[in-house]
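Data from entry-v4.pdb: PDB, C-alpha atoms
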ATOM      1  CA  MET A 322    -101.527 169.210  14.605
ATOM      2  CA  LYS A 323    -100.740 169.316  10.892
ATOM      3  CA  ARG A 324     -97.270 170.679  11.686
ATOM      4  CA  ALA A 325     -96.687 167.835  14.146
ATOM      5  CA  VAL A 326     -97.728 165.229  11.589
ATOM      6  CA  LEU A 327     -95.531 166.862   8.943
ATOM      7  CA  PHE A 328     -92.589 166.876  11.358
ATOM      8  CA  ILE A 329     -93.065 163.182  12.103
ATOM      9  CA  VAL A 330     -93.262 162.328   8.371
ATOM     10  CA  VAL A 331     -90.099 164.295   7.604
ATOM     11  CA  LEU A 332     -88.289 162.789  10.573
ATOM     12  CA  PHE A 333     -89.333 159.283   9.503
ATOM     13  CA  SER A 334     -88.065 159.927   5.961
ATOM     14  CA  VAL A 335     -84.701 161.112   7.268
ATOM     15  CA  VAL A 336     -84.357 158.060   9.505
ATOM     16  CA  VAL A 337     -85.268 155.674   6.656
ATOM     17  CA  SER A 338     -82.826 157.427   4.344
ATOM     18  CA  ALA A 339     -80.050 157.233   6.915
ATOM     19  CA  CYS A 340     -80.728 153.582   7.571
ATOM     20  CA  SER A 341     -80.788 152.784   3.862
ATOM     21  CA  GLY A 342     -77.519 154.619   3.375
ATOM     22  CA  GLY A 343     -76.012 152.733   6.288
ATOM     23  CA  ALA A 344     -77.134 149.404   4.837
ATOM     24  CA  ALA A 345     -75.687 150.216   1.429
ATOM     25  CA  SER A 346     -72.407 151.353   2.926
ATOM     26  CA  LYS A 347     -71.890 147.936   4.566
ATOM     27  CA  TYR A 348     -71.141 146.302   1.211
ATOM     28  CA  PRO A 349     -68.938 144.365   0.891
ATOM     29  CA  ASP A 350     -69.604 142.554   4.147
ATOM     30  CA  GLN A 351     -68.061 139.229   3.074
ATOM     31  CA  PRO A 352     -64.764 138.117   1.440
ATOM     32  CA  ILE A 353     -64.557 138.632  -2.320
ATOM     33  CA  GLU A 354     -63.642 135.760  -4.637
ATOM     34  CA  ILE A 355     -62.231 136.511  -8.090
ATOM     35  CA  ILE A 356     -62.636 133.681 -10.598
ATOM     36  CA  ALA A 357     -59.967 133.040 -13.239
ATOM     37  CA  PRO A 358     -61.702 130.627 -15.653
ATOM     38  CA  ALA A 359     -58.426 128.918 -16.666
ATOM     39  CA  ASN A 360     -55.354 127.329 -15.128
ATOM     40  CA  PRO A 361     -52.551 129.488 -13.682
ATOM     41  CA  GLY A 362     -50.202 131.192 -16.107
ATOM     42  CA  GLY A 363     -52.599 132.517 -18.726
ATOM     43  CA  GLY A 364     -54.091 135.931 -19.372
ATOM     44  CA  TRP A 365     -57.207 135.442 -17.251
ATOM     45  CA  ASP A 366     -55.189 134.214 -14.290
ATOM     46  CA  THR A 367     -52.707 137.067 -14.655
ATOM     47  CA  LEU A 368     -55.492 139.650 -14.766
ATOM     48  CA  ALA A 369     -57.332 138.186 -11.773
ATOM     49  CA  ARG A 370     -54.180 138.214  -9.645
ATOM     50  CA  THR A 371     -53.229 141.698 -10.802
ATOM     51  CA  ILE A 372     -56.656 142.985  -9.731
ATOM     52  CA  GLN A 373     -56.256 141.252  -6.366
ATOM     53  CA  VAL A 374     -52.775 142.705  -5.764
ATOM     54  CA  SER A 375     -53.830 146.203  -6.820
ATOM     55  CA  LEU A 376     -56.948 146.293  -4.655
ATOM     56  CA  GLU A 377     -55.058 144.917  -1.648
ATOM     57  CA  THR A 378     -52.007 147.147  -2.020
ATOM     58  CA  GLU A 379     -54.142 150.259  -2.396
ATOM     59  CA  LYS A 380     -56.463 149.116   0.446
ATOM     60  CA  LEU A 381     -59.530 149.743  -1.683
ATOM     61  CA  VAL A 382     -61.639 146.828  -0.418
ATOM     62  CA  PRO A 383     -62.240 146.271   3.324
ATOM     63  CA  GLN A 384     -62.582 142.499   2.926
ATOM     64  CA  PRO A 385     -60.160 139.662   2.072
ATOM     65  CA  LEU A 386     -59.749 138.958  -1.640
ATOM     66  CA  SER A 387     -58.855 135.601  -3.171
ATOM     67  CA  VAL A 388     -58.353 134.187  -6.657
ATOM     68  CA  THR A 389     -59.795 130.801  -7.605
ATOM     69  CA  ASN A 390     -58.938 129.013 -10.860
ATOM     70  CA  LYS A 391     -61.822 127.206 -12.553
ATOM     71  CA  PRO A 392     -60.384 125.901 -15.840
ATOM     72  CA  GLY A 393     -62.174 123.997 -18.556
ATOM     73  CA  GLY A 394     -64.341 124.405 -21.614
ATOM     74  CA  GLY A 395     -62.524 127.486 -22.894
ATOM     75  CA  GLY A 396     -63.919 129.428 -19.941
ATOM     76  CA  GLY A 397     -67.209 127.548 -19.893
ATOM     77  CA  VAL A 398     -66.656 125.950 -16.484
ATOM     78  CA  GLY A 399     -66.132 129.390 -14.966
ATOM     79  CA  LEU A 400     -69.217 130.717 -16.720
ATOM     80  CA  ALA A 401     -71.339 127.834 -15.417
ATOM     81  CA  PHE A 402     -70.066 128.537 -11.908
ATOM     82  CA  MET A 403     -70.976 132.208 -12.256
ATOM     83  CA  ALA A 404     -74.476 131.173 -13.334
ATOM     84  CA  SER A 405     -74.795 129.426  -9.972
ATOM     85  CA  GLN A 406     -73.973 132.742  -8.277
ATOM     86  CA  LYS A 407     -76.850 134.611  -9.949
ATOM     87  CA  GLY A 408     -78.298 137.242  -7.640
ATOM     88  CA  THR A 409     -75.271 137.298  -5.334
ATOM     89  CA  ASN A 410     -72.668 140.019  -4.916
ATOM     90  CA  ASN A 411     -69.378 138.619  -3.672
ATOM     91  CA  THR A 412     -67.952 136.785  -6.682
ATOM     92  CA  LEU A 413     -66.228 138.424  -9.645
ATOM     93  CA  VAL A 414     -64.869 136.856 -12.822
ATOM     94  CA  VAL A 415     -62.487 138.027 -15.539
ATOM     95  CA  TYR A 416     -63.015 137.460 -19.254
ATOM     96  CA  SER A 417     -61.813 138.573 -22.673
ATOM     97  CA  PRO A 418     -62.999 137.941 -26.281
ATOM     98  CA  PRO A 419     -63.682 134.187 -25.778
ATOM     99  CA  LEU A 420     -66.719 135.233 -23.746
ATOM    100  CA  ILE A 421     -68.204 136.448 -27.029
ATOM    101  CA  ILE A 422     -66.479 134.079 -29.465
ATOM    102  CA  ASN A 423     -67.540 130.930 -27.605
ATOM    103  CA  PHE A 424     -71.134 132.150 -27.532
ATOM    104  CA  ILE A 425     -71.097 132.625 -31.304
ATOM    105  CA  ASN A 426     -69.365 129.330 -32.140
ATOM    106  CA  GLY A 427     -71.638 127.361 -29.807
ATOM    107  CA  THR A 428     -69.061 126.341 -27.181
ATOM    108  CA  PHE A 429     -70.958 128.126 -24.410
ATOM    109  CA  GLU A 430     -74.315 126.617 -25.435
ATOM    110  CA  GLY A 431     -76.185 129.890 -25.567
ATOM    111  CA  LYS A 432     -74.553 131.621 -22.595
ATOM    112  CA  SER A 433     -73.006 135.053 -23.166
ATOM    113  CA  TYR A 434     -71.960 138.240 -21.433
ATOM    114  CA  LYS A 435     -75.673 138.868 -20.894
ATOM    115  CA  ASP A 436     -75.559 136.101 -18.272
ATOM    116  CA  LEU A 437     -73.168 138.256 -16.236
ATOM    117  CA  THR A 438     -73.045 141.843 -14.966
ATOM    118  CA  PRO A 439     -70.354 143.799 -16.867
ATOM    119  CA  LEU A 440     -68.444 145.952 -14.372
ATOM    120  CA  ALA A 441     -65.414 147.370 -16.188
ATOM    121  CA  LYS A 442     -63.265 146.958 -19.243
ATOM    122  CA  LEU A 443     -59.731 147.259 -17.902
ATOM    123  CA  ILE A 444     -56.936 146.713 -20.401
ATOM    124  CA  THR A 445     -55.967 145.983 -23.955
ATOM    125  CA  ASP A 446     -53.373 143.336 -24.680
ATOM    126  CA  TYR A 447     -52.184 142.227 -28.091
ATOM    127  CA  GLN A 448     -51.432 138.844 -29.533
ATOM    128  CA  VAL A 449     -47.836 137.753 -30.062
ATOM    129  CA  ILE A 450     -46.588 134.872 -32.193
ATOM    130  CA  VAL A 451     -43.704 133.187 -30.402
ATOM    131  CA  VAL A 452     -41.325 130.293 -31.100
ATOM    132  CA  LYS A 453     -38.560 128.589 -29.107
ATOM    133  CA  ALA A 454     -35.354 130.586 -28.895
ATOM    134  CA  ASP A 455     -33.587 128.046 -31.139
ATOM    135  CA  SER A 456     -36.451 127.672 -33.633
ATOM    136  CA  PRO A 457     -35.482 127.516 -37.308
ATOM    137  CA  TYR A 458     -38.220 130.069 -37.996
ATOM    138  CA  LYS A 459     -36.524 133.437 -37.627
ATOM    139  CA  THR A 460     -39.304 135.614 -39.052
ATOM    140  CA  LEU A 461     -43.062 135.502 -39.461
ATOM    141  CA  GLU A 462     -42.574 134.982 -43.186
ATOM    142  CA  ASP A 463     -40.367 131.930 -42.491
ATOM    143  CA  LEU A 464     -43.197 130.498 -40.403
ATOM    144  CA  LEU A 465     -45.928 131.271 -42.927
ATOM    145  CA  ALA A 466     -43.862 129.798 -45.766
ATOM    146  CA  ALA A 467     -43.590 126.521 -43.848
ATOM    147  CA  VAL A 468     -47.316 126.514 -43.144
ATOM    148  CA  ARG A 469     -48.126 127.186 -46.799
ATOM    149  CA  ALA A 470     -45.958 124.246 -47.831
ATOM    150  CA  ASP A 471     -47.779 121.870 -45.469
ATOM    151  CA  PRO A 472     -50.495 123.279 -43.169
ATOM    152  CA  LYS A 473     -50.613 120.041 -41.150
ATOM    153  CA  ALA A 474     -46.852 119.886 -40.530
ATOM    154  CA  LEU A 475     -46.703 122.689 -37.958
ATOM    155  CA  LYS A 476     -48.921 122.378 -34.923
ATOM    156  CA  PHE A 477     -49.547 125.536 -32.953
ATOM    157  CA  ALA A 478     -51.060 126.178 -29.563
ATOM    158  CA  GLY A 479     -52.870 128.648 -27.358
ATOM    159  CA  VAL A 480     -54.950 128.637 -24.205
ATOM    160  CA  SER A 481     -58.348 129.398 -25.703
ATOM    161  CA  SER A 482     -60.602 126.710 -27.157
ATOM    162  CA  PRO A 483     -60.574 125.877 -30.887
ATOM    163  CA  GLY A 484     -62.234 128.631 -32.875
ATOM    164  CA  SER A 485     -61.647 131.099 -30.050
ATOM    165  CA  MET A 486     -59.219 133.947 -29.319
ATOM    166  CA  ASP A 487     -55.695 132.505 -29.699
ATOM    167  CA  HIS A 488     -56.857 130.379 -32.622
ATOM    168  CA  VAL A 489     -58.724 133.251 -34.288
ATOM    169  CA  ALA A 490     -55.774 135.651 -33.960
ATOM    170  CA  PHE A 491     -53.430 133.472 -35.991
ATOM    171  CA  ALA A 492     -56.245 132.396 -38.319
ATOM    172  CA  LYS A 493     -56.576 136.053 -39.370
ATOM    173  CA  ILE A 494     -52.847 136.170 -40.136
ATOM    174  CA  ALA A 495     -52.943 132.849 -41.987
ATOM    175  CA  LYS A 496     -55.864 133.909 -44.158
ATOM    176  CA  ALA A 497     -54.125 137.179 -45.017
ATOM    177  CA  GLY A 498     -51.123 135.069 -46.033
ATOM    178  CA  GLY A 499     -53.151 132.904 -48.415
ATOM    179  CA  ILE A 500     -53.607 129.933 -46.053
ATOM    180  CA  ASP A 501     -56.893 128.230 -45.204
ATOM    181  CA  PRO A 502     -57.078 128.516 -41.376
ATOM    182  CA  ARG A 503     -59.216 125.384 -41.161
ATOM    183  CA  ALA A 504     -56.408 123.288 -42.643
ATOM    184  CA  MET A 505     -54.106 123.897 -39.669
ATOM    185  CA  ASP A 506     -53.762 121.879 -36.463
ATOM    186  CA  TYR A 507     -54.438 123.978 -33.373
ATOM    187  CA  ILE A 508     -53.990 122.555 -29.866
ATOM    188  CA  ALA A 509     -55.810 124.216 -26.966
ATOM    189  CA  PHE A 510     -54.304 124.098 -23.479
ATOM    190  CA  ALA A 511     -56.045 124.962 -20.217
ATOM    191  CA  GLY A 512     -53.290 127.337 -19.072
ATOM    192  CA  GLY A 513     -50.354 129.378 -20.310
ATOM    193  CA  GLY A 514     -47.853 127.300 -18.349
ATOM    194  CA  GLU A 515     -48.916 124.114 -20.111
ATOM    195  CA  ALA A 516     -48.820 125.748 -23.538
ATOM    196  CA  THR A 517     -45.319 127.126 -22.926
ATOM    197  CA  THR A 518     -44.117 123.716 -21.712
ATOM    198  CA  ALA A 519     -45.421 122.162 -24.940
ATOM    199  CA  LEU A 520     -43.550 124.764 -26.984
ATOM    200  CA  LEU A 521     -40.282 124.374 -25.105
ATOM    201  CA  GLY A 522     -40.613 120.600 -25.308
ATOM    202  CA  GLY A 523     -40.986 120.707 -29.087
ATOM    203  CA  ASN A 524     -44.535 119.393 -29.086
ATOM    204  CA  VAL A 525     -45.801 122.446 -30.984
ATOM    205  CA  ALA A 526     -43.972 124.733 -33.409
ATOM    206  CA  PHE A 527     -45.294 128.051 -32.139
ATOM    207  CA  LEU A 528     -47.709 129.757 -29.797
ATOM    208  CA  SER A 529     -50.365 132.375 -30.422
ATOM    209  CA  THR A 530     -50.715 134.098 -27.067
ATOM    210  CA  GLY A 531     -51.209 137.395 -25.277
ATOM    211  CA  ILE A 532     -48.170 139.557 -24.646
ATOM    212  CA  GLY A 533     -48.884 139.744 -20.918
ATOM    213  CA  GLU A 534     -48.530 135.995 -20.380
ATOM    214  CA  SER A 535     -45.361 135.718 -22.495
ATOM    215  CA  VAL A 536     -43.332 138.443 -20.763
ATOM    216  CA  ALA A 537     -41.507 136.162 -18.297
ATOM    217  CA  GLN A 538     -40.312 133.737 -20.965
ATOM    218  CA  LEU A 539     -39.327 136.546 -23.313
ATOM    219  CA  GLU A 540     -37.278 138.137 -20.543
ATOM    220  CA  ALA A 541     -35.666 134.774 -19.791
ATOM    221  CA  GLY A 542     -34.745 134.349 -23.443
ATOM    222  CA  THR A 543     -36.349 130.926 -23.791
ATOM    223  CA  ILE A 544     -38.717 132.113 -26.530
ATOM    224  CA  ARG A 545     -38.599 134.648 -29.372
ATOM    225  CA  ALA A 546     -41.399 136.876 -30.631
ATOM    226  CA  LEU A 547     -41.844 136.942 -34.403
ATOM    227  CA  ALA A 548     -44.635 139.520 -34.592
ATOM    228  CA  ILE A 549     -47.356 141.284 -32.622
ATOM    229  CA  THR A 550     -50.889 142.174 -33.670
ATOM    230  CA  ALA A 551     -50.796 145.772 -32.397
ATOM    231  CA  PRO A 552     -51.511 148.612 -34.859
ATOM    232  CA  LYS A 553     -47.983 149.949 -34.252
ATOM    233  CA  ARG A 554     -44.842 148.795 -32.479
ATOM    234  CA  LEU A 555     -44.807 148.849 -28.714
ATOM    235  CA  THR A 556     -42.213 151.052 -27.073
ATOM    236  CA  SER A 557     -41.018 148.898 -24.166
ATOM    237  CA  ASP A 558     -37.413 147.709 -24.207
ATOM    238  CA  LEU A 559     -38.635 144.122 -24.299
ATOM    239  CA  LEU A 560     -40.792 144.515 -27.415
ATOM    240  CA  LYS A 561     -39.599 147.578 -29.319
ATOM    241  CA  ASP A 562     -37.752 145.447 -31.872
ATOM    242  CA  VAL A 563     -40.674 143.101 -32.511
ATOM    243  CA  PRO A 564     -42.401 144.016 -35.796
ATOM    244  CA  THR A 565     -46.144 144.278 -36.144
ATOM    245  CA  VAL A 566     -47.945 141.889 -38.456
ATOM    246  CA  LYS A 567     -49.143 144.907 -40.397
ATOM    247  CA  GLU A 568     -45.676 146.290 -41.101
ATOM    248  CA  LEU A 569     -44.663 142.859 -42.385
ATOM    249  CA  GLY A 570     -47.198 143.225 -45.171
ATOM    250  CA  TYR A 571     -50.322 141.591 -43.743
ATOM    251  CA  ASP A 572     -53.229 143.924 -43.022
ATOM    252  CA  VAL A 573     -54.064 142.338 -39.671
ATOM    253  CA  THR A 574     -54.440 143.718 -36.159
ATOM    254  CA  TYR A 575     -55.987 141.956 -33.191
ATOM    255  CA  GLU A 576     -56.903 143.487 -29.843
ATOM    256  CA  ILE A 577     -57.390 141.445 -26.694
ATOM    257  CA  TRP A 578     -59.584 143.417 -24.314
ATOM    258  CA  ARG A 579     -59.880 142.108 -20.779
ATOM    259  CA  GLY A 580     -62.536 143.013 -18.253
ATOM    260  CA  VAL A 581     -64.234 142.086 -15.003
ATOM    261  CA  PHE A 582     -67.813 140.960 -14.399
ATOM    262  CA  GLY A 583     -70.139 140.114 -11.543
ATOM    263  CA  PRO A 584     -72.949 137.558 -11.469
ATOM    264  CA  ALA A 585     -76.238 138.251 -13.211
ATOM    265  CA  ASN A 586     -78.739 140.230 -11.129
ATOM    266  CA  MET A 587     -76.051 141.776  -8.963
ATOM    267  CA  SER A 588     -77.607 144.334  -6.633
ATOM    268  CA  PRO A 589     -77.522 148.004  -7.682
ATOM    269  CA  GLU A 590     -75.524 148.783  -4.519
ATOM    270  CA  ALA A 591     -72.849 146.207  -5.324
ATOM    271  CA  LYS A 592     -72.665 147.257  -8.972
ATOM    272  CA  ALA A 593     -72.246 150.909  -7.969
ATOM    273  CA  TYR A 594     -69.579 149.932  -5.434
ATOM    274  CA  TRP A 595     -67.484 148.125  -8.057
ATOM    275  CA  ASP A 596     -68.018 150.880 -10.601
ATOM    276  CA  ALA A 597     -66.453 153.348  -8.164
ATOM    277  CA  THR A 598     -63.800 151.010  -6.741
ATOM    278  CA  LEU A 599     -62.482 149.736 -10.070
ATOM    279  CA  LYS A 600     -62.201 153.314 -11.319
ATOM    280  CA  LYS A 601     -60.059 154.140  -8.269
ATOM    281  CA  MET A 602     -57.994 151.015  -8.921
ATOM    282  CA  VAL A 603     -57.120 151.897 -12.522
ATOM    283  CA  GLU A 604     -56.064 155.374 -11.397
ATOM    284  CA  SER A 605     -53.741 153.989  -8.704
ATOM    285  CA  ALA A 606     -49.943 153.842  -8.819
ATOM    286  CA  THR A 607     -49.979 150.086  -8.199
ATOM    287  CA  TRP A 608     -52.202 149.363 -11.198
ATOM    288  CA  LYS A 609     -50.261 151.670 -13.497
ATOM    289  CA  ALA A 610     -46.999 149.968 -12.529
ATOM    290  CA  GLN A 611     -48.514 146.591 -13.413
ATOM    291  CA  LEU A 612     -49.545 147.892 -16.844
ATOM    292  CA  VAL A 613     -45.930 148.794 -17.560
ATOM    293  CA  LYS A 614     -44.598 145.500 -16.202
ATOM    294  CA  LEU A 615     -47.002 143.389 -18.270
ATOM    295  CA  ASN A 616     -46.918 145.575 -21.401
ATOM    296  CA  TRP A 617     -50.673 146.140 -21.136
ATOM    297  CA  SER A 618     -52.420 149.246 -22.417
ATOM    298  CA  ASP A 619     -55.049 151.064 -20.360
ATOM    299  CA  ALA A 620     -58.519 150.632 -21.855
ATOM    300  CA  TYR A 621     -60.754 151.456 -18.900
ATOM    301  CA  ALA A 622     -64.481 151.752 -19.496
ATOM    302  CA  ASN A 623     -67.143 151.849 -16.788
ATOM    303  CA  SER A 624     -69.998 149.372 -16.570
ATOM    304  CA  THR A 625     -72.322 151.290 -18.903
ATOM    305  CA  ASP A 626     -69.730 151.880 -21.607
ATOM    306  CA  PHE A 627     -68.407 148.326 -21.267
ATOM    307  CA  THR A 628     -71.881 146.908 -21.872
ATOM    308  CA  THR A 629     -72.222 148.985 -25.044
ATOM    309  CA  PHE A 630     -68.755 147.844 -26.168
ATOM    310  CA  LEU A 631     -69.664 144.178 -25.674
ATOM    311  CA  ALA A 632     -72.692 144.500 -27.924
ATOM    312  CA  GLN A 633     -70.496 146.039 -30.643
ATOM    313  CA  GLU A 634     -67.886 143.277 -30.223
ATOM    314  CA  THR A 635     -70.582 140.651 -30.640
ATOM    315  CA  ASP A 636     -71.578 142.088 -34.016
ATOM    316  CA  MET A 637     -67.927 142.328 -35.117
ATOM    317  CA  TYR A 638     -67.084 138.748 -34.129
ATOM    318  CA  LYS A 639     -70.157 137.340 -35.853
ATOM    319  CA  ALA A 640     -68.839 138.786 -39.113
ATOM    320  CA  LEU A 641     -65.214 137.742 -38.445
ATOM    321  CA  LEU A 642     -65.968 134.147 -37.453
ATOM    322  CA  THR A 643     -68.233 133.727 -40.457
ATOM    323  CA  ASP A 644     -65.423 134.997 -42.698
ATOM    324  CA  LEU A 645     -62.919 132.549 -41.153
ATOM    325  CA  GLY A 646     -65.338 129.633 -41.330
ATOM    326  CA  PHE A 647     -65.494 129.252 -37.533
ATOM    327  CA  ALA A 648     -69.084 130.358 -36.945
ATOM    328  CA  LYS A 649     -71.799 127.785 -36.262
TER     329      LYS A 649
END

Would you mind writing the structure in this file as structure tokens?
Amino acid sequence: MKRAVLFIVVLFSVVVSACSGGAASKYPDQPIEIIAPANPGGGWDTLARTIQVSLETEKLVPQPLSVTNKPGGGGGVGLAFMASQKGTNNTLVVYSPPLIINFINGTFEGKSYKDLTPLAKLITDYQVIVVKADSPYKTLEDLLAAVRADPKALKFAGVSSPGSMDHVAFAKIAKAGGIDPRAMDYIAFAGGGEATTALLGGNVAFLSTGIGESVAQLEAGTIRALAITAPKRLTSDLLKDVPTVKELGYDVTYEIWRGVFGPANMSPEAKAYWDATLKKMVESATWKAQLVKLNWSDAYANSTDFTTFLAQETDMYKALLTDLGFAK
């Protein structure tokens, strides 16, 4: 009798385990939406669409994938939308340093990466300072000299909100060059296309932007890069002749990490699925080809390591924004 009972218990456990495994293996059972919290043309949009293309080309996700742009508030509109998805599993969002910066400077009204589920850090981009092809400013020093003479005379633009990534990147350079960053006029656009149009139309003197979103215009020859914030020169044909800010005499580097997140309280099954799937994606030929095309550097970190990294970045940016006078 005892053996019979034991057999039934074991059999029941096996059945439950099999059923649980089957249930977990069904994820994802709905289409996946990837949120780009900005207009088309910027770094977030480019990353979201690159993820979509890579996952589809490599057939890594058995459900349709789409990208939805939710611009506004320096990424705040997208973050508010993700808050509405708390506890769900089928919406992803991409972010970069503004997720932390806008928490510190008050733009996100207390919301931070802790209101999301970090899934993977994917790439590192660097900031590039660009002007129109026919700009009178031929070098970074030409540009800084003009700004020193009259900080209000030269407006510059980016796609992050005031006091956030694009603004902060040039503010670091300006401060190293003896300029008060708060004295300059920065104009924030909702997308890279709008910012580039403003530059080409002469409405701003220069852009502070990520390399990835400037590649097309650099290749077309409509803009020129004066300097990049990488620790050393990049080796691509497009950028090998562009000096780093550091080699020009200013001890400044600036890294733009970019990563992907799920909603808060994502299920363990969904989180594990994306941990495994995104790792396969970054190892794929399609993804690696996109890194080369966009001049991005691989910076993959899984969900656990990415969460640790975000905590460290928060501490670093608190100190940096305080130093620049942007913290609140």

Atom-to-atom span, atom CA of A:Tyr348 and atom CA of A:Lys609, Å: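 Separation of atom CA of A:Tyr348 and atom CA of A:Lys609: 26.1 Å.
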
Residues matched by the PyMOL selection byres ((chain A and resi 639) around 10) as a list in words: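 Listing what the PyMOL selection byres ((chain A and resi 639) around 10) selects in the shown file: Ile421, Ile422, Phe424, Ile425, Asn426, Glu634, Thr635, Asp636, Met637, Tyr638, Ala640, Leu641, Leu642, Thr643, Asp644, Phe647, Ala648 and Lys649 of chain A.
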
Per-residue nearest contacts of stretch 445-510 of chain A to stretch 576-584 of chain A (9 Å; all atoms listed in the file) as CSV:
residue,atom,partner,partner_atom,distance
A:Thr445,CA,A:Trp578,CA,4.4
A:Asp446,CA,A:Ile577,CA,4.9
A:Tyr447,CA,A:Glu576,CA,5.2
A:Gln448,CA,A:Ile577,CA,7.1
A:Met486,CA,A:Ile577,CA,8.2
A:Ala490,CA,A:Glu576,CA,8.9

Let's have the selection written as a PDB file, in the coordinates of the input, with C-alpha atoms.
ATOM      1  CA  THR A 445     -55.967 145.983 -23.955  1.00  0.00           C
ATOM      2  CA  ASP A 446     -53.373 143.336 -24.680  1.00  0.00           C
ATOM      3  CA  TYR A 447     -52.184 142.227 -28.091  1.00  0.00           C
ATOM      4  CA  GLN A 448     -51.432 138.844 -29.533  1.00  0.00           C
ATOM      5  CA  MET A 486     -59.219 133.947 -29.319  1.00  0.00           C
ATOM      6  CA  ALA A 490     -55.774 135.651 -33.960  1.00  0.00           C
TER       7      ALA A 490
END

Residue nearest A:Ala519 among A:Lys347, A:Arg469, A:Lys476, A:Lys442 (counting only C-alpha atoms):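 When distances to A:Ala519 are compared using only C-alpha atoms, the smallest one comes from A:Lys476.
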
Can you tell me, as a PDB file with C-alpha atoms, keeping the file's coordinate frame, what residues are no more than 12 Å from A:Thr518 when counting all atoms listed in the file, ignoring any on the same chain fewer than 4 positions away?
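selection-v8.pdb, freshly written:
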ATOM      1  CA  GLY A 362     -50.202 131.192 -16.107  1.00  0.00           C
ATOM      2  CA  VAL A 452     -41.325 130.293 -31.100  1.00  0.00           C
ATOM      3  CA  LYS A 453     -38.560 128.589 -29.107  1.00  0.00           C
ATOM      4  CA  ALA A 478     -51.060 126.178 -29.563  1.00  0.00           C
ATOM      5  CA  GLY A 479     -52.870 128.648 -27.358  1.00  0.00           C
ATOM      6  CA  PHE A 510     -54.304 124.098 -23.479  1.00  0.00           C
ATOM      7  CA  GLY A 512     -53.290 127.337 -19.072  1.00  0.00           C
ATOM      8  CA  GLY A 513     -50.354 129.378 -20.310  1.00  0.00           C
ATOM      9  CA  GLY A 514     -47.853 127.300 -18.349  1.00  0.00           C
ATOM     10  CA  GLY A 522     -40.613 120.600 -25.308  1.00  0.00           C
ATOM     11  CA  GLY A 523     -40.986 120.707 -29.087  1.00  0.00           C
ATOM     12  CA  ASN A 524     -44.535 119.393 -29.086  1.00  0.00           C
ATOM     13  CA  VAL A 525     -45.801 122.446 -30.984  1.00  0.00           C
ATOM     14  CA  ALA A 526     -43.972 124.733 -33.409  1.00  0.00           C
ATOM     15  CA  PHE A 527     -45.294 128.051 -32.139  1.00  0.00           C
ATOM     16  CA  LEU A 528     -47.709 129.757 -29.797  1.00  0.00           C
ATOM     17  CA  GLN A 538     -40.312 133.737 -20.965  1.00  0.00           C
ATOM     18  CA  THR A 543     -36.349 130.926 -23.791  1.00  0.00           C
ATOM     19  CA  ILE A 544     -38.717 132.113 -26.530  1.00  0.00           C
TER      20      ILE A 544
END

Answer key for the PyMOL selection byres ((chain A and resi 412) around 8), residues as number ranges by chain: A: 353-356, 403, 406, 409-411, 413-414, 583-584

Proximity to A:Ser535 - best of A:Gly364, A:Gly484, A:Pro589, A:Gly399, all atoms listed in the file: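 Of the candidates, the smallest distance to A:Ser535 is held by A:Gly364.
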
Computed interatomic separation between atom CA of A:Gly646 and atom CA of A:Ala466 (Å):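 Computed distance, atom CA of A:Gly646 to atom CA of A:Ala466, equals 21.9 Å.
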
Shortest interatomic distance to A:Leu368 - which of A:Gly498, A:Gly531, A:Gly408, A:Pro392, counting all atoms listed in the file: A:Gly531

Result set of the PyMOL selection byres ((chain A and resi 420) around 9) on the coordinates above, as a list in words: Gly395, Gly396, Gly397, Leu400, Tyr416, Ser417, Pro418, Pro419, Ile421, Ile422, Asn423, Phe424, Phe429, Lys432, Ser433 and Tyr434 of chain A

Expected residue set, 12 Å radius at (-57.2, 154.1, -11.5), all atoms listed in the file, as number ranges by chain: A: 372, 375-376, 379, 381, 441, 443-444, 596-612, 619-623

From A:Thr629, A:Ser529, A:Thr460, A:Gln373, residue lying nearest A:Val563 [all atoms listed in the file]: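 The closest residue to A:Val563 is A:Thr460.
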
Which of A:Ser456, A:Gly533, A:Leu440, A:Asn360 sits closest to A:Asp626 [using only C-alpha atoms]: A:Leu440

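For the pair atom CA of A:Leu645 and atom CA of A:Ser485, the separation is 11.3 Å.
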
Top pick for closest residue to A:Asn390, considering A:Thr367, A:Thr565, A:Ser481, A:Gln633 and counting all atoms listed in the file: A:Thr367
